[in-house]
Amino acid sequence: MQFKFPKTLAAAALAAFVLASVSAPAFSQEKKEEEGKREAPVVDPTTGKKLSDAIEALNAGKYDDAKALLAKLNPAKLSPYELSRVEQIYASIAQSQNDYPGALKHIQAAIASGGLNEQEVSQAKYQVAQIYIAQEKWKEGLDAMKEWFATATNPNGSAYYLMAVAYYQLKDYKNAVPAAEKAIELTEKPQESWLALLLALRLQQDQYAEALPILRRLINQSPDKKSYWLQYSAVNSELQKFEDAVSSMQLAYMAGLLTEDAEIRRLSELLLFVGIPYRAAQFLSKAIDDNKVKGDQKAYETLSNCWIAAREYDKATQPLGKAAELHPNGDLYVRLAEVLMQREKWPAAQDALQRGLDKGQLKDTGNAKLLMGIAVYSQKKPQEALKWFQQAREYPAQRKQADGWVQHISSELQG
């Protein structure tokens with residue numbers, strides 16, 4: 001029995017991660033503190049007042065007022081430093097209004113002004129990359145990130161995460177993995193979305209062994225998220241660690257996380273597969289009774305298989321009979337008859353076989369007729385049984401056995 005890992009689970013993992021904020025810092029705190037010690041260039045008092053008022057309006061969400069204040073400044077009379085601040089404020093206004101092309105234009109103008117120091121230029125280039133990525137311009141964003149990384153000092157986890165996102169969207173999983181791993185390595189408590197991205201990358205490449213420790217971290221971090229438990233079980237199944245696959249599903253069930261029909265069926269199938277059929281049968285039977293699993297042909301067939309595997313043949317007959325009623329052909333009636341014959345319930349077996357033959361489309365009609373002969377003969381009806389064996393011998397697979405019965409009954413009747 002093979003449980004193939006569904007690719008949709010990789011998609012589910014991806015749904016968890018989100019793009020980094022365009023305002024996320026890209027440098028270590030140590031570098032920022034060092035920069036804060038530098039003496040700021042002198043700003044003309046009148047210009048400084050307008051810049052201050054524009055920032056205040058921006059923070060209040062009064063974007064038109066902020067633009068009006070900036071428009072009063074003559075760019076030709078501003079120092080490079082002052083001009084860079086004007087362009088940065090314009091960029092912030094554009095970002096606040098989701099005008100990414102406008103924000104990009106003003107950030108690039110701020111860089112071109114010559115008023116930014118080395119650290120500020122680097123941060124502005126990082127913002128350029130963020131804006132491209134916010135627009136889902138993955139290639140442009142990745143190129144900008146590479147340019148920024150070439151000169152950046154002490155980039156932090158957020159920067160590597162952003163790069164990993166760009167690589168992922170470009171389907172360059174090989175390069176996305178080390179970037180995502182570096183993001184997590186540099187962060188004491190990485191965000192769930194970062195771990196989810198690395199998980200998605202591993203699953204996308206069928207790297208199940210590498211996915212397991214990531215899933216354990218996600219479960220420890222968010223134990224109430226069902227998707228991680230399901231993925232953990234599925235990954236263990238892919239690695240043929242079925243005991244671990246079962247245990248994780250049972251833990252999720254006991255935590256009240258398994259609520260969907262398909263999830264409960266999967267747990268019962270796993271229990272059956274690892275050799276715990278009695279518990280599987282009890283579990284599935286209760287789920288059907290509680291309407292957590294739909295009582296359809298497949299559910300009843302699985303339940304009967306669980307009881308049969310547990311050697312509880314009497315308990316298997318009722319669900320198997322229900323499954324047979326719902327099945328499109330008569331094969332499950334033949335299966336039911338076989339179970340009943342093991343219990344020597346000959347009349348019930350004969351009835352099940354007749355229902356199967358009447359329903360038709362059997363995979364092995366000759367076998368059904370041979371079994372019918374045995375069921376009838378066991379009720380001490382040799383003449384009637386002989387007719388069934390004579391019909392069964394018309395099928396090559398059953399001919400030898402049917403001939404033996406015909407000879408036996410003929411001798412019995414003649415004696």
# chains A, B, ... in the order shown; residues from 1 in each chain; ligands from 1

call {"tool": "residues_around", "arguments": {"residues": "Val177 in chain A", "least_positions_apart": "5", "cutoff": "7 Å", "atoms": "only C-alpha atoms", "output": "MDAnalysis selection string"}}
result
chainID A and resid 164 198 201

call {"tool": "closest_atom_pairs", "arguments": {"of": "range 230-307 of chain A", "to": "range 315-322 of chain A", "cutoff": "12 Å", "atoms": "only C-alpha atoms", "output": "JSON lines"}}
result
{"residue": "A:Pro277", "atom": "CA", "partner": "A:Ala316", "partner_atom": "CA", "distance": 11.8}
{"residue": "A:Tyr278", "atom": "CA", "partner": "A:Lys315", "partner_atom": "CA", "distance": 10.8}
{"residue": "A:Ala281", "atom": "CA", "partner": "A:Ala316", "partner_atom": "CA", "distance": 9.4}
{"residue": "A:Gln282", "atom": "CA", "partner": "A:Lys315", "partner_atom": "CA", "distance": 10.7}
{"residue": "A:Leu284", "atom": "CA", "partner": "A:Pro319", "partner_atom": "CA", "distance": 11.1}
{"residue": "A:Ser285", "atom": "CA", "partner": "A:Pro319", "partner_atom": "CA", "distance": 9.2}
{"residue": "A:Ile288", "atom": "CA", "partner": "A:Pro319", "partner_atom": "CA", "distance": 10.7}
{"residue": "A:Asp289", "atom": "CA", "partner": "A:Pro319", "partner_atom": "CA", "distance": 11.9}
{"residue": "A:Gly295", "atom": "CA", "partner": "A:Lys322", "partner_atom": "CA", "distance": 9.0}
{"residue": "A:Asp296", "atom": "CA", "partner": "A:Lys322", "partner_atom": "CA", "distance": 8.5}
{"residue": "A:Gln297", "atom": "CA", "partner": "A:Lys322", "partner_atom": "CA", "distance": 7.1}
{"residue": "A:Lys298", "atom": "CA", "partner": "A:Leu320", "partner_atom": "CA", "distance": 9.9}
{"residue": "A:Ala299", "atom": "CA", "partner": "A:Pro319", "partner_atom": "CA", "distance": 8.6}
{"residue": "A:Tyr300", "atom": "CA", "partner": "A:Pro319", "partner_atom": "CA", "distance": 4.9}
{"residue": "A:Glu301", "atom": "CA", "partner": "A:Leu320", "partner_atom": "CA", "distance": 5.7}
{"residue": "A:Thr302", "atom": "CA", "partner": "A:Leu320", "partner_atom": "CA", "distance": 8.7}
{"residue": "A:Leu303", "atom": "CA", "partner": "A:Pro319", "partner_atom": "CA", "distance": 6.6}
{"residue": "A:Ser304", "atom": "CA", "partner": "A:Ala316", "partner_atom": "CA", "distance": 4.5}
{"residue": "A:Asn305", "atom": "CA", "partner": "A:Ala316", "partner_atom": "CA", "distance": 7.2}
{"residue": "A:Cys306", "atom": "CA", "partner": "A:Ala316", "partner_atom": "CA", "distance": 7.8}
{"residue": "A:Trp307", "atom": "CA", "partner": "A:Ala316", "partner_atom": "CA", "distance": 5.1}

call {"tool": "residues_around", "arguments": {"residues": "Trp138 in chain A", "least_positions_apart": "3", "cutoff": "10 Å", "atoms": "only C-alpha atoms", "output": "JSON, numbers by chain"}}
result
{"A": [129, 130, 132, 133, 134, 135, 141, 142, 143, 144, 163, 165, 166, 167, 168, 169, 170]}

call {"tool": "write_last_selection", "arguments": {"atoms": "N, CA and C atoms", "output": "mmCIF file, in the first residue's frame"}}
result
data_model
loop_
_atom_site.group_PDB
_atom_site.id
_atom_site.type_symbol
_atom_site.label_atom_id
_atom_site.label_comp_id
_atom_site.auth_asym_id
_atom_site.auth_seq_id
_atom_site.Cartn_x
_atom_site.Cartn_y
_atom_site.Cartn_z
ATOM 1 N N ALA A 129 14.568 46.708 -4.823
ATOM 2 C CA ALA A 129 14.296 45.273 -4.970
ATOM 3 C C ALA A 129 12.944 44.914 -4.367
ATOM 4 N N GLN A 130 12.650 45.475 -3.195
ATOM 5 C CA GLN A 130 11.367 45.192 -2.533
ATOM 6 C C GLN A 130 10.184 45.648 -3.382
ATOM 7 N N TYR A 132 10.045 46.013 -6.669
ATOM 8 C CA TYR A 132 9.879 45.100 -7.807
ATOM 9 C C TYR A 132 9.144 43.831 -7.374
ATOM 10 N N ILE A 133 9.553 43.303 -6.229
ATOM 11 C CA ILE A 133 8.947 42.067 -5.740
ATOM 12 C C ILE A 133 7.500 42.291 -5.334
ATOM 13 N N ALA A 134 7.212 43.461 -4.753
ATOM 14 C CA ALA A 134 5.825 43.778 -4.405
ATOM 15 C C ALA A 134 4.935 43.813 -5.641
ATOM 16 N N GLN A 135 5.515 44.129 -6.790
ATOM 17 C CA GLN A 135 4.771 44.152 -8.050
ATOM 18 C C GLN A 135 4.796 42.792 -8.758
ATOM 19 N N GLY A 141 13.252 42.048 -9.551
ATOM 20 C CA GLY A 141 13.503 42.076 -8.114
ATOM 21 C C GLY A 141 14.724 41.269 -7.743
ATOM 22 N N LEU A 142 14.872 40.095 -8.352
ATOM 23 C CA LEU A 142 16.032 39.264 -8.057
ATOM 24 C C LEU A 142 17.327 39.926 -8.521
ATOM 25 N N ASP A 143 17.287 40.522 -9.700
ATOM 26 C CA ASP A 143 18.480 41.224 -10.191
ATOM 27 C C ASP A 143 18.868 42.361 -9.251
ATOM 28 N N ALA A 144 17.857 43.088 -8.770
ATOM 29 C CA ALA A 144 18.122 44.198 -7.836
ATOM 30 C C ALA A 144 18.673 43.665 -6.512
ATOM 31 N N MET A 163 14.950 37.261 -1.066
ATOM 32 C CA MET A 163 15.643 36.665 -2.209
ATOM 33 C C MET A 163 15.109 35.258 -2.488
ATOM 34 N N VAL A 165 12.112 34.149 -1.894
ATOM 35 C CA VAL A 165 10.797 34.295 -2.509
ATOM 36 C C VAL A 165 10.929 34.529 -4.006
ATOM 37 N N ALA A 166 11.839 35.421 -4.371
ATOM 38 C CA ALA A 166 12.034 35.725 -5.797
ATOM 39 C C ALA A 166 12.506 34.497 -6.559
ATOM 40 N N TYR A 167 13.467 33.781 -5.989
ATOM 41 C CA TYR A 167 13.938 32.556 -6.634
ATOM 42 C C TYR A 167 12.798 31.539 -6.787
ATOM 43 N N TYR A 168 12.019 31.413 -5.727
ATOM 44 C CA TYR A 168 10.918 30.442 -5.781
ATOM 45 C C TYR A 168 9.940 30.782 -6.901
ATOM 46 N N GLN A 169 9.557 32.037 -6.981
ATOM 47 C CA GLN A 169 8.587 32.440 -7.985
ATOM 48 C C GLN A 169 9.126 32.249 -9.401
ATOM 49 N N LEU A 170 10.428 32.268 -9.537
ATOM 50 C CA LEU A 170 11.055 32.025 -10.841
ATOM 51 C C LEU A 170 11.330 30.534 -11.051
#
